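Colleague: Quick one, protein.cif (mmCIF, C-alpha atoms):
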```cif
data_start
loop_
_atom_site.label_atom_id
_atom_site.label_comp_id
_atom_site.auth_asym_id
_atom_site.auth_seq_id
_atom_site.Cartn_x
_atom_site.Cartn_y
_atom_site.Cartn_z
CA MET C 1443 149.09 68.53 108.49
CA ARG C 1444 146.02 66.84 109.98
CA ARG C 1445 145.50 69.74 112.39
CA SER C 1446 145.80 72.18 109.48
CA ARG C 1447 143.02 70.33 107.62
CA GLN C 1448 140.85 70.39 110.73
CA VAL C 1449 141.34 74.14 111.06
CA ARG C 1450 140.40 74.68 107.42
CA LEU C 1451 137.33 72.46 107.84
CA LEU C 1452 136.19 74.37 110.92
CA ALA C 1453 136.70 77.67 109.11
CA ALA C 1454 134.64 76.43 106.15
CA LEU C 1455 131.84 75.23 108.44
CA SER C 1456 131.87 78.57 110.21
CA LEU C 1457 131.56 80.40 106.88
CA ILE C 1458 128.64 78.17 105.88
CA GLY C 1459 126.98 78.90 109.20
CA CYS C 1460 127.41 82.64 108.68
CA SER C 1461 125.97 82.38 105.17
CA ALA C 1462 122.97 80.47 106.50
CA ALA C 1463 122.44 83.12 109.15
CA VAL C 1464 122.48 85.83 106.48
CA ALA C 1465 119.95 83.82 104.45
CA ARG C 1466 117.70 83.51 107.50
CA ASP C 1467 117.98 87.22 108.14
CA ALA C 1468 116.95 87.94 104.55
CA ALA C 1469 114.01 85.55 104.84
CA ALA C 1470 112.54 86.74 108.12
CA PRO C 1471 113.05 90.00 110.01
CA ILE C 1472 114.31 89.47 113.55
CA TRP C 1473 113.19 92.08 116.06
CA PRO C 1474 113.42 91.83 119.85
CA ASP C 1475 110.09 91.57 121.61
CA THR C 1476 110.36 94.76 123.65
CA PRO C 1477 108.01 97.74 124.04
CA LEU C 1478 110.53 99.95 122.23
CA ALA C 1479 110.90 97.58 119.26
CA ARG C 1480 107.13 97.21 118.98
CA THR C 1481 106.71 100.98 118.97
CA GLN C 1482 109.44 101.38 116.35
CA ALA C 1483 107.90 98.68 114.12
CA LEU C 1484 104.50 100.37 114.32
CA ALA C 1485 106.03 103.76 113.48
CA LEU C 1486 107.77 102.25 110.43
CA LEU C 1487 104.58 100.58 109.19
CA GLN C 1488 102.63 103.80 109.56
CA THR C 1489 105.38 105.72 107.77
CA LEU C 1490 105.39 103.27 104.85
CA ASN C 1491 101.59 103.28 104.72
CA ALA C 1492 101.49 107.09 104.58
CA ASP C 1493 104.21 107.13 101.91
CA LEU C 1494 102.30 104.63 99.75
CA LEU C 1495 99.07 106.60 100.14
CA SER C 1496 100.70 109.89 99.16
CA HIS C 1497 102.29 108.64 95.91
CA ASP C 1498 100.75 107.18 92.78
CA SER C 1499 103.44 104.54 92.12
CA ALA C 1500 103.87 101.83 94.75
CA THR C 1501 106.89 100.54 92.80
CA LEU C 1502 108.83 103.80 93.09
CA THR C 1503 107.80 104.15 96.75
CA LEU C 1504 109.20 100.67 97.48
CA GLU C 1505 112.42 101.49 95.62
CA ARG C 1506 112.90 104.56 97.81
CA TRP C 1507 112.14 102.49 100.92
CA CYS C 1508 114.59 99.79 99.87
CA GLY C 1509 117.32 102.34 99.14
CA ALA C 1510 116.77 104.38 102.31
CA HIS C 1511 117.10 101.24 104.45
CA HIS C 1512 120.10 99.81 102.53
CA MET C 1513 118.28 96.59 101.71
CA ALA C 1514 119.88 96.12 98.27
CA ALA C 1515 122.41 97.74 96.00
CA PRO C 1516 121.23 98.93 93.61
CA ALA C 1517 117.79 99.51 95.14
CA ARG C 1518 115.81 98.38 92.09
CA VAL C 1519 112.39 96.77 92.28
CA VAL C 1520 111.56 94.04 89.77
CA ALA C 1521 108.30 92.16 89.24
CA GLN C 1522 108.65 88.40 89.52
CA ARG C 1523 105.69 86.85 87.73
CA VAL C 1524 103.58 84.23 89.50
CA ARG C 1525 101.92 82.13 86.83
CA GLY C 1526 99.30 79.43 86.75
CA ASP C 1527 96.76 80.80 89.22
CA ASP C 1528 94.67 83.31 87.28
CA LYS C 1529 91.88 85.00 89.21
CA LEU C 1530 88.69 86.38 87.75
CA LEU C 1531 87.97 90.04 88.25
CA PRO C 1532 85.59 90.41 91.23
CA PRO C 1533 82.16 91.31 89.75
CA GLU C 1534 81.81 94.48 91.82
CA TRP C 1535 85.00 95.85 90.26
CA ARG C 1536 83.54 95.93 86.76
CA ALA C 1537 81.45 98.88 87.86
CA GLN C 1538 84.55 100.49 89.41
CA LEU C 1539 86.38 100.10 86.09
CA ALA C 1540 83.31 101.32 84.16
CA ILE C 1541 83.23 98.31 81.83
CA ASP C 1542 80.59 95.83 80.71
CA ALA C 1543 80.74 92.05 80.74
CA ASN C 1544 82.28 91.92 77.23
CA GLU C 1545 85.34 94.09 77.96
CA PRO C 1546 88.58 92.03 77.89
CA VAL C 1547 90.42 91.93 81.22
CA LYS C 1548 93.90 90.54 81.79
CA TYR C 1549 95.30 89.31 85.09
CA ARG C 1550 98.88 89.61 86.31
CA ARG C 1551 100.15 88.42 89.69
CA VAL C 1552 103.63 89.47 90.72
CA GLN C 1553 105.98 89.59 93.66
CA LEU C 1554 107.76 92.92 93.85
CA LYS C 1555 111.35 92.22 94.84
CA CYS C 1556 114.23 94.47 95.84
CA GLY C 1557 117.37 92.39 96.02
CA ASP C 1558 116.45 89.22 97.95
CA HIS C 1559 113.43 90.83 99.61
CA VAL C 1560 109.87 90.21 98.39
CA LEU C 1561 108.33 93.47 99.60
CA SER C 1562 104.81 92.96 98.25
CA GLU C 1563 102.56 90.56 96.39
CA ALA C 1564 100.15 92.14 93.95
CA ASP C 1565 97.04 91.01 92.09
CA ASN C 1566 96.48 93.24 89.07
CA TRP C 1567 93.53 93.19 86.69
CA TYR C 1568 94.02 95.54 83.74
CA LEU C 1569 92.28 96.52 80.53
CA PRO C 1570 94.55 95.82 77.55
CA ASN C 1571 92.37 97.90 75.22
CA ARG C 1572 93.23 101.01 77.25
CA LEU C 1573 96.99 100.42 77.01
CA THR C 1574 99.35 100.75 74.07
CA ALA C 1575 100.62 97.75 72.12
CA GLU C 1576 104.11 98.26 73.55
CA MET C 1577 102.77 98.34 77.11
CA ASN C 1578 100.89 95.08 76.54
CA ARG C 1579 104.02 93.50 75.06
CA GLN C 1580 106.10 94.44 78.10
CA LEU C 1581 103.46 93.21 80.53
CA ASP C 1582 103.26 89.87 78.70
CA SER C 1583 106.98 89.27 78.28
CA SER C 1584 109.05 91.14 80.88
CA ASP C 1585 109.64 91.53 84.61
CA VAL C 1586 109.14 95.31 84.51
CA PRO C 1587 106.69 96.36 87.27
CA PHE C 1588 103.27 97.48 86.10
CA GLY C 1589 103.69 101.01 87.45
CA LYS C 1590 106.83 101.55 85.40
CA VAL C 1591 105.29 100.14 82.22
CA VAL C 1592 102.28 102.48 82.36
CA GLN C 1593 104.15 105.63 83.44
CA PRO C 1594 103.58 107.27 80.01
CA LEU C 1595 99.85 107.36 80.82
CA HIS C 1596 100.58 109.88 83.60
CA PHE C 1597 98.29 107.87 85.80
CA ARG C 1598 96.99 108.68 89.23
CA ARG C 1599 96.00 106.32 91.96
CA LYS C 1600 92.59 106.14 93.62
CA THR C 1601 92.84 104.22 96.87
CA LEU C 1602 89.74 102.22 97.77
CA SER C 1603 91.02 100.83 101.07
CA ALA C 1604 94.22 100.67 103.13
CA ASP C 1605 94.28 98.14 105.93
CA LEU C 1606 96.88 97.50 108.61
CA LEU C 1607 96.79 93.70 108.86
CA TRP C 1608 98.98 93.55 111.96
CA SER C 1609 99.73 95.97 114.75
CA PRO C 1610 102.81 95.42 116.92
CA LEU C 1611 100.94 97.07 119.80
CA PRO C 1612 97.61 95.84 121.20
CA ALA C 1613 94.48 97.94 120.99
CA GLY C 1614 94.38 100.47 123.81
CA TRP C 1615 98.10 100.16 124.52
CA GLU C 1616 98.40 103.91 125.06
CA LEU C 1617 96.06 103.64 128.05
CA GLN C 1618 97.77 100.60 129.54
CA ARG C 1619 101.45 101.08 128.80
CA ALA C 1620 102.58 98.97 131.73
CA GLN C 1621 101.02 95.89 130.12
CA VAL C 1622 103.17 96.09 126.96
CA ARG C 1623 105.85 93.66 128.10
CA PRO C 1624 108.19 91.27 126.31
CA ALA C 1625 106.42 87.99 125.53
CA SER C 1626 109.50 86.17 124.21
CA GLY C 1627 112.98 86.86 122.95
CA THR C 1628 111.88 87.61 119.38
CA LEU C 1629 108.90 89.56 118.11
CA ALA C 1630 106.50 87.33 116.15
CA ILE C 1631 105.88 89.16 112.87
CA PRO C 1632 103.30 87.69 110.45
CA HIS C 1633 104.06 87.44 106.75
CA PHE C 1634 101.47 90.00 105.58
CA LEU C 1635 101.41 93.44 107.24
CA LEU C 1636 99.53 95.91 105.01
CA GLN C 1637 96.97 95.64 102.22
CA HIS C 1638 95.88 98.29 99.73
CA ARG C 1639 93.08 98.13 97.17
CA ALA C 1640 93.24 100.75 94.45
CA LEU C 1641 92.34 101.80 90.93
CA LEU C 1642 94.75 103.37 88.46
CA LEU C 1643 93.29 106.12 86.30
CA ALA C 1644 94.82 107.51 83.11
CA GLY C 1645 95.31 111.20 82.50
CA ASP C 1646 91.84 111.41 80.94
CA GLY C 1647 90.28 110.05 84.15
CA ARG C 1648 89.39 106.61 82.78
CA PRO C 1649 90.37 103.67 85.03
CA PHE C 1650 92.49 100.99 83.41
CA SER C 1651 93.62 98.80 86.31
CA ALA C 1652 92.41 97.40 89.65
CA LEU C 1653 94.97 96.36 92.23
CA VAL C 1654 95.21 94.43 95.47
CA GLU C 1655 98.68 94.97 96.96
CA THR C 1656 99.72 93.05 100.08
CA TYR C 1657 102.94 94.13 101.76
CA THR C 1658 105.07 91.54 103.53
CA ASP C 1659 107.23 91.32 106.63
CA GLN C 1660 110.24 91.96 104.38
CA VAL C 1661 109.57 95.70 104.54
CA LEU C 1662 110.97 95.41 108.10
CA ALA C 1663 113.90 93.13 107.18
CA PHE C 1664 116.79 95.51 107.75
#
```
How does this structure look as structure tokens?

Modeller:
Amino acid sequence: MRRSRQVRLLAALSLIGCSAAVARDAAAPIWPDTPLARTQALALLQTLNADLLSHDSATLTLERWCGAHHMAAPARVVAQRVRGDDKLLPPEWRAQLAIDANEPVKYRRVQLKCGDHVLSEADNWYLPNRLTAEMNRQLDSSDVPFGKVVQPLHFRRKTLSADLLWSPLPAGWELQRAQVRPASGTLAIPHFLLQHRALLLAGDGRPFSALVETYTDQVLAF
């Protein structure tokens, strides 16, 4: 009987260990530090960057990415609000939005999540007077991503900048391939990988939102 209890205890501890390993995997992508893995990671980042730049809705692009890489079922992106740290609109962006100092501006910071993965963190300044009452209600009270809320505006995206914050391969690697060697067992991937700055413009061409979207290491967590 005692041995049976010990077996059950060991089995339970093993299950807990497996669950913890799954949690760690969801929290941080684990890639081997090899030239091949570095090249693959760079190719994936460039693919995601190109996909984001060629579509107006980052939310729908992330949903496709999440689904294609089996990161969650269903592959649905939700906006988890981050409250209590409002940021003022940078002064230079008032000219980009074509507004004066008296125009009301609202701020919304969210983490875009697919399943357990926070794929991006976004700062969003938007003009409530250029949205409908229903859109403003949803933005104030729900976890629906901004891009989905404003879809009826048939908006388009104007990218101001797109920066690769981390490259798995060093500058000039293509000229010195022999120097791309494993540094350790696991590739050190920083938390933030890509950053886009953009305006959203309504169908009539008027801007109504300014965005800073920073994409995390979770886009590689599969």

Colleague: Quick one: pull the distance between CA of Pro1533 (chain C) and CA of Gln1637 (chain C), Å, one decimal.

Modeller: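 Pair CA of Pro1533 (chain C) / CA of Gln1637 (chain C) returns 19.8 Å.
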
Colleague: Under the rule of at most 6 Å, produce a per-residue listing of region 1553-1664 of chain C near region 1495-1507 of chain C: chain, number, name, the closest pair of atoms, and the distance in Å, as a tab-separated table, using all atoms listed in the file.

Modeller:
```
residue	atom	partner	partner_atom	distance
C:Gly1589	CA	C:Ser1499	CA	5.9
C:Arg1598	CA	C:Asp1498	CA	5.4
C:Arg1599	CA	C:Asp1498	CA	4.9
```

Colleague: When the PyMOL selection byres ((chain C and resi 1560) around 9) is applied to the file above, which residues end up in the set, as a compact mmCIF listing (two decimals) with C-alpha atoms, keeping the file's coordinate frame?

Modeller:
```
# COMPACT_ATOMS: atom_id res chain seq x y z
CA ALA C 1469 114.01 85.55 104.84
CA GLN C 1553 105.98 89.59 93.66
CA LEU C 1554 107.76 92.92 93.85
CA LYS C 1555 111.35 92.22 94.84
CA CYS C 1556 114.23 94.47 95.84
CA GLY C 1557 117.37 92.39 96.02
CA ASP C 1558 116.45 89.22 97.95
CA HIS C 1559 113.43 90.83 99.61
CA LEU C 1561 108.33 93.47 99.60
CA SER C 1562 104.81 92.96 98.25
CA GLU C 1563 102.56 90.56 96.39
CA TYR C 1657 102.94 94.13 101.76
CA THR C 1658 105.07 91.54 103.53
CA ASP C 1659 107.23 91.32 106.63
CA GLN C 1660 110.24 91.96 104.38
CA VAL C 1661 109.57 95.70 104.54
```

Colleague: Identify all residues satisfying the PyMOL selection byres ((chain C and resi 1481) around 12) in the given file; provide them as a list in words.

Modeller: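 Answer for the PyMOL selection byres ((chain C and resi 1481) around 12): Trp1473, Pro1474, Asp1475, Thr1476, Pro1477, Leu1478, Ala1479, Arg1480, Gln1482, Ala1483, Leu1484, Ala1485, Leu1486, Leu1487, Gln1488, Ser1609, Pro1610, Leu1611, Pro1612, Trp1615, Glu1616, Arg1619, Val1622, Arg1623 and Leu1629 of chain C.
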
Colleague: Can you give me, as a ChimeraX atom specification, the residues this file yields under the PyMOL selection byres ((chain C and resi 1573-1581) around 12)?

Modeller: /C:1521-1523,1546-1552,1566-1572,1582-1595,1597,1643-1644,1648-1651

Colleague: Using only C-alpha atoms, can you tell me which of C:Ala1630, C:Leu1642, C:Ala1492, C:Ala1543 comes closest to Leu1606 (chain C)?

Modeller: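 Selected residue with least distance to Leu1606 (chain C): C:Ala1492.
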
Colleague: Quick one, how far is CA of Leu1531 (chain C) from CA of Glu1545 (chain C)?

Modeller: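 The value is 11.4 Å.
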
Colleague: For a test of reading the model, state the distance in Å between CA of Ala1640 (chain C) and CA of Ala1652 (chain C), rounded to one decimal.

Modeller: 5.9 Å

Colleague: Can you work out which one of C:Leu1602, C:Leu1636, C:Ala1537, C:Ala1510 has the shortest atom-to-atom distance to Phe1664 (chain C), counting only C-alpha atoms?

Modeller: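 Of C:Leu1602, C:Leu1636, C:Ala1537, C:Ala1510, the one nearest Phe1664 (chain C) is C:Ala1510, counting only C-alpha atoms.
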
Colleague: I'd like to know which of C:Arg1639, C:His1511, C:His1633, C:Lys1529 is closest to Thr1601 (chain C), using only C-alpha atoms.

Modeller: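 The answer is C:Arg1639, which sits nearest to Thr1601 (chain C).
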